[in-house]
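Just below is one structure, and these are the notes that go with it.
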Amino acid sequence: MRNFGAILLLLGIVGFLYSSSRLSETAALPPGVSIDESLSQPAGRWEVARYACAAAAGFGLLTTLFPKGR
């Protein structure tokens with residue numbers, strides 16, 4: 001489980017950095033756009049991908065530190 005957590009942590013960090021670099025290349029979202037409307041634009045999709053990768057990295061960190069639970 002510790003190895004899986006380390007791999008997930010690494011993939012999450014790399015994915016976050018890649019999503020951030022792609023997000024900086026897209027046009028910014030206008031203010032007041034709902035989540036449903038933002039997913040139809042590239043910037044919204046990269047923003048969601050960035051948060052998903054951050055969540056995956058966080059879960060990987062937890063499984064690396066606590067492989068068998070508390």
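By order of appearance in the structure tokens: chains A, B, ..., then residues from 1 within every chain, and ligands from 1 in the order shown.
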Contact residues around range 38-55 of chain A with only C-alpha atoms at 6 Å, ignoring same-chain residues under 5 positions, as number ranges by chain: A: 12, 15-16, 19, 23, 26
Within 12 Å of range 56-61 of chain A, counting only C-alpha atoms, which residues show up once you throw out same-chain ones fewer than 4 positions away? Write them as a count of residues only, please. 24
